[in-house]
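Novice: Below: one structure in structure tokens.
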Amino acid sequence: MKKTLTTPIQDKDLESLNVGDIVFLDGILVTCRDVPHRRLIELGIKLPVDLKGLAIFHAGPIVAKDGKGWKMVSIGPTTSMRMEKFEKEFIRQTGVKLVVGKGGMGPETVEGCKQYKAVHAVFPGGCAVLAATEVEEIEKVEWQELGMPEALWVSRVKQFGPLIISIDTKGNNLFETNKAAYNAKKKSIVEDISSKVRFIK
Amino acid sequence: MDKKQKIETMTDVMKKFTSYVGKHLPDDVTKKLIELREKETVPIAKTIYEAMFENQELANKLNVPCCQDTGVIQFFVEAGADFPVLGELRQIFTDAVKAATIESPLRHNAVETFIEKNTGNNVGTRVPWIDWEIVPNSSSATIHVYMAGGGCTLPGAAKVLMPGEGYEGVVKFVFDVMTSYGVNACPPLLIGVGISTAVETAALLSKKALMRPIGSRHANPQAAEMELLLEKGLNELGVGPQGLTGSSSVMGVHIESSARHPSTIGVGMSTGCWAHRRGTIRINEDMTYEILTHKGAKI
């Protein structure tokens, strides 16, 4: 069964989710990446969008002017790990419930998701046109002076996904589990290859 | 055709080609992705491959960039010493990028350092980035256009090893980058490894390795063997598309090398994401051209 989260997202909507689950989003999704995170957390500048119960997308889109408004051309996720140093505090201050990006995030975000009830999910990286077709409308843009990638693009989305839950509200982190498995395999593979490349004799 | 016309013609060709490269993957990448998708057995990886192929179809149908991150545009030029507009190439590339930014459209990806302002047209100090090789006794130019997003640029690393660490140290370096930053860089990745003397020479070679067609091999048999060993080993990690596990991790491993100082082994690593937007075009003296990476492309 296709699971859909709808904004405003409630804590109870997230409690049953586990890492590896696939969900889709209906509602408001706001792009928010490096500079707005830094502005809020390090510089104490209030965000011009109230994110309570909403979803943010670690993404910097390509948009095009469309009459008086804007059209979403291409919008895929960016590397979430860049926001790791801000995200726990960001979740606490904003009340954001769903953080979408790509790749994993670290222990601080896991702690933030657990404490303040939020999840991190992966949208498949590079699938930016697929994502753009799931955006119904760009409702507004804030902080446009930051340039196209860093501005806050507030979009209404329909069945936005697939979103693969990578951090749930119970302290699980899918990428950390996966990375541990890759690292466990690594040693013997590296030793095997090393034995075959002793070219300096 | 006089010189002015040649400049105009080439600017137009480079604008259209740059725009095209952002929307269509080269043939070798598509072929490799099809092969990896067919071999895939892990359910979550299959779901992601499905999204990837659907995305490429949509990008083609809607004629828009397949990934939103169209990179800081890089040109790797192998220019004939007698190429007629050699001295005008920087201006040609700059104008082509500006025009492609509007026409494609490309994302605005040039942030002036220290001023910390996005220029809004993908042009800035030393950007687009150009790497030059001059080819003697030639009047044509072969140009690789490359769009690397931030995601697959982030894992880039280079260091200088002591000779005692040997090529074994290179293997460890490659695996360490792959299992840390590589996981988040939109795998399956194309891995470029540079083996040389210093950080800058190794790093540059590692990036040039990504310009080679997937599966092409280093001319030295030992280096070619090492490419295959690394490819097999990295695939055994099972990183999968998007780092969410799967039957493979990489599209390939390419090594480029130079002679080195006896006291050092410089090693560099660059990663190309699955959406490896690399296009190669050869432009002749009379400005006729041939696209080498995208068969049948109409620009």
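Residue numbering restarts at 1 for every chain of the structure tokens, chains are lettered A, B, ... in their displayed order, and ligands are numbered from 1 as they appear.
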Once you count only C-alpha atoms, which residues of chain A turn out to be within 7 Å of chain B? Could you give them as a ChimeraX atom specification?

Specialist: /A:61-62,73-76,78-79,102-104,124-130,147-148,179,182-183,185-186,189-190,193-194,197-200

Novice: Would you pick out the contacts of Arg38 in chain A at 12 Å or less, using only C-alpha atoms, so that residues sharing its chain but fewer than 5 positions from it are not included, and give the list as a VMD selection string?

Specialist: chain A and resid 32 to 33 43 to 47 82 to 87 89 to 90 150

Novice: Residues as selected, N, CA and C atoms, written as a compact mmCIF listing (two decimals), in the first residue's frame, can you do that?

Specialist:
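As written to disk, out-v7.txt reads:
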```txt
# COMPACT_ATOMS: atom_id res chain seq x y z
N CYS A 32 15.53 24.22 1.21
CA CYS A 32 16.31 24.85 2.26
C CYS A 32 17.63 24.11 2.36
N ARG A 33 18.73 24.79 2.03
CA ARG A 33 20.02 24.12 2.05
C ARG A 33 21.04 24.94 2.83
N LEU A 43 23.61 32.63 12.58
CA LEU A 43 23.46 34.08 12.58
C LEU A 43 22.17 34.53 13.27
N GLY A 44 21.31 33.56 13.63
CA GLY A 44 20.08 33.91 14.36
C GLY A 44 19.08 34.72 13.55
N ILE A 45 19.13 34.59 12.23
CA ILE A 45 18.17 35.32 11.39
C ILE A 45 16.93 34.45 11.19
N LYS A 46 15.77 35.00 11.53
CA LYS A 46 14.53 34.24 11.47
C LYS A 46 14.20 33.88 10.02
N LEU A 47 13.74 32.65 9.78
CA LEU A 47 13.36 32.26 8.42
C LEU A 47 12.07 32.98 8.03
N ARG A 82 25.83 17.87 4.34
CA ARG A 82 26.33 19.24 4.52
C ARG A 82 25.53 20.00 5.59
N MET A 83 24.30 19.56 5.84
CA MET A 83 23.45 20.26 6.80
C MET A 83 23.50 19.60 8.20
N GLU A 84 24.33 18.54 8.32
CA GLU A 84 24.40 17.81 9.59
C GLU A 84 24.70 18.72 10.78
N LYS A 85 25.62 19.66 10.59
CA LYS A 85 26.03 20.48 11.74
C LYS A 85 24.92 21.42 12.23
N PHE A 86 23.88 21.60 11.43
CA PHE A 86 22.79 22.51 11.81
C PHE A 86 21.47 21.81 12.14
N GLU A 87 21.28 20.57 11.64
CA GLU A 87 19.92 20.06 11.51
C GLU A 87 19.18 19.80 12.82
N GLU A 89 19.33 21.36 15.71
CA GLU A 89 18.84 22.64 16.22
C GLU A 89 17.78 23.22 15.28
N PHE A 90 17.98 22.99 13.98
CA PHE A 90 17.02 23.48 12.98
C PHE A 90 15.65 22.85 13.19
N GLU A 150 20.06 28.73 -3.59
CA GLU A 150 19.95 28.88 -2.14
C GLU A 150 18.64 29.53 -1.67
```

Novice: Hey, what does DSSP flag as alpha helix (DSSP H) within range 35-201 of chain A? Can you give it to me as a compact mmCIF listing (two decimals) with C-alpha atoms, in the first residue's frame?

Specialist:
```
# COMPACT_ATOMS: atom_id res chain seq x y z
CA VAL A 35 22.94 29.24 3.59
CA PRO A 36 19.42 29.40 5.12
CA HIS A 37 20.51 26.75 7.67
CA ARG A 38 23.55 28.85 8.51
CA ARG A 39 21.49 32.04 8.68
CA LEU A 40 19.02 30.57 11.18
CA ILE A 41 21.40 28.61 13.39
CA GLU A 84 24.40 17.81 9.59
CA LYS A 85 26.03 20.48 11.74
CA PHE A 86 22.79 22.51 11.81
CA GLU A 87 19.92 20.06 11.51
CA LYS A 88 19.18 19.04 15.10
CA GLU A 89 18.84 22.64 16.22
CA PHE A 90 17.02 23.48 12.98
CA ILE A 91 14.39 20.83 13.68
CA ARG A 92 13.99 22.09 17.25
CA GLN A 93 13.59 25.73 16.27
CA THR A 94 11.36 25.30 13.23
CA PRO A 107 24.22 11.27 14.83
CA GLU A 108 23.13 14.83 15.62
CA THR A 109 20.25 14.65 13.14
CA VAL A 110 19.33 11.22 14.47
CA GLU A 111 19.12 12.76 17.94
CA GLY A 112 17.04 15.69 16.63
CA CYS A 113 14.63 13.37 14.83
CA LYS A 114 14.19 11.26 17.94
CA GLN A 115 13.78 14.13 20.39
CA TYR A 116 11.54 16.42 18.33
CA ALA A 128 15.36 15.94 -10.86
CA VAL A 129 12.87 15.98 -13.72
CA LEU A 130 10.80 13.24 -12.08
CA ALA A 131 10.70 15.43 -8.97
CA ALA A 132 9.79 18.55 -10.97
CA THR A 133 6.79 16.78 -12.49
CA LEU A 174 19.81 3.43 7.53
CA PHE A 175 23.05 4.86 6.09
CA GLU A 176 25.02 4.24 9.27
CA THR A 177 23.88 0.61 9.23
CA ASN A 178 24.80 0.33 5.55
CA LYS A 179 28.16 2.03 6.02
CA ALA A 180 29.04 -0.35 8.84
CA ALA A 181 28.33 -3.23 6.47
CA TYR A 182 30.49 -1.70 3.70
CA ASN A 183 33.35 -1.10 6.13
CA ALA A 184 33.11 -4.65 7.46
CA LYS A 185 33.62 -5.99 3.93
CA LYS A 186 36.32 -3.47 3.05
CA LYS A 187 39.32 -4.82 4.96
CA SER A 188 39.58 -8.21 3.31
CA ILE A 189 38.92 -6.79 -0.17
CA VAL A 190 41.64 -4.14 0.28
CA GLU A 191 44.09 -6.79 1.53
CA ASP A 192 43.34 -9.04 -1.43
CA ILE A 193 43.86 -6.28 -4.01
CA SER A 194 46.95 -5.00 -2.19
```

Novice: Would you give me, as a list in words, the residues in range 167-255 of chain B that DSSP reads as strand (DSSP E)?

Specialist: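 These are the residues in question: Leu189, Leu190, Ile191, Gly192, Val193, Gly194, Ile195, Ser196, Val250, Met251, Gly252, Val253, His254 and Ile255 of chain B.
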
Novice: From the list A:Pro8, A:Gly27, A:Gly53, A:Gly20, which residue is nearest Asp168 in chain A when using only C-alpha atoms?

Specialist: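 Going through A:Pro8, A:Gly27, A:Gly53, A:Gly20 one by one, the smallest distance to Asp168 in chain A is for A:Gly20.
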
Novice: Using only C-alpha atoms, which of B:Ala203, B:Ala224, B:Ala100, B:Val85 sits nearest Thr9 in chain B?

Specialist: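 Answer, going by the shortest atom-to-atom distance: B:Val85.
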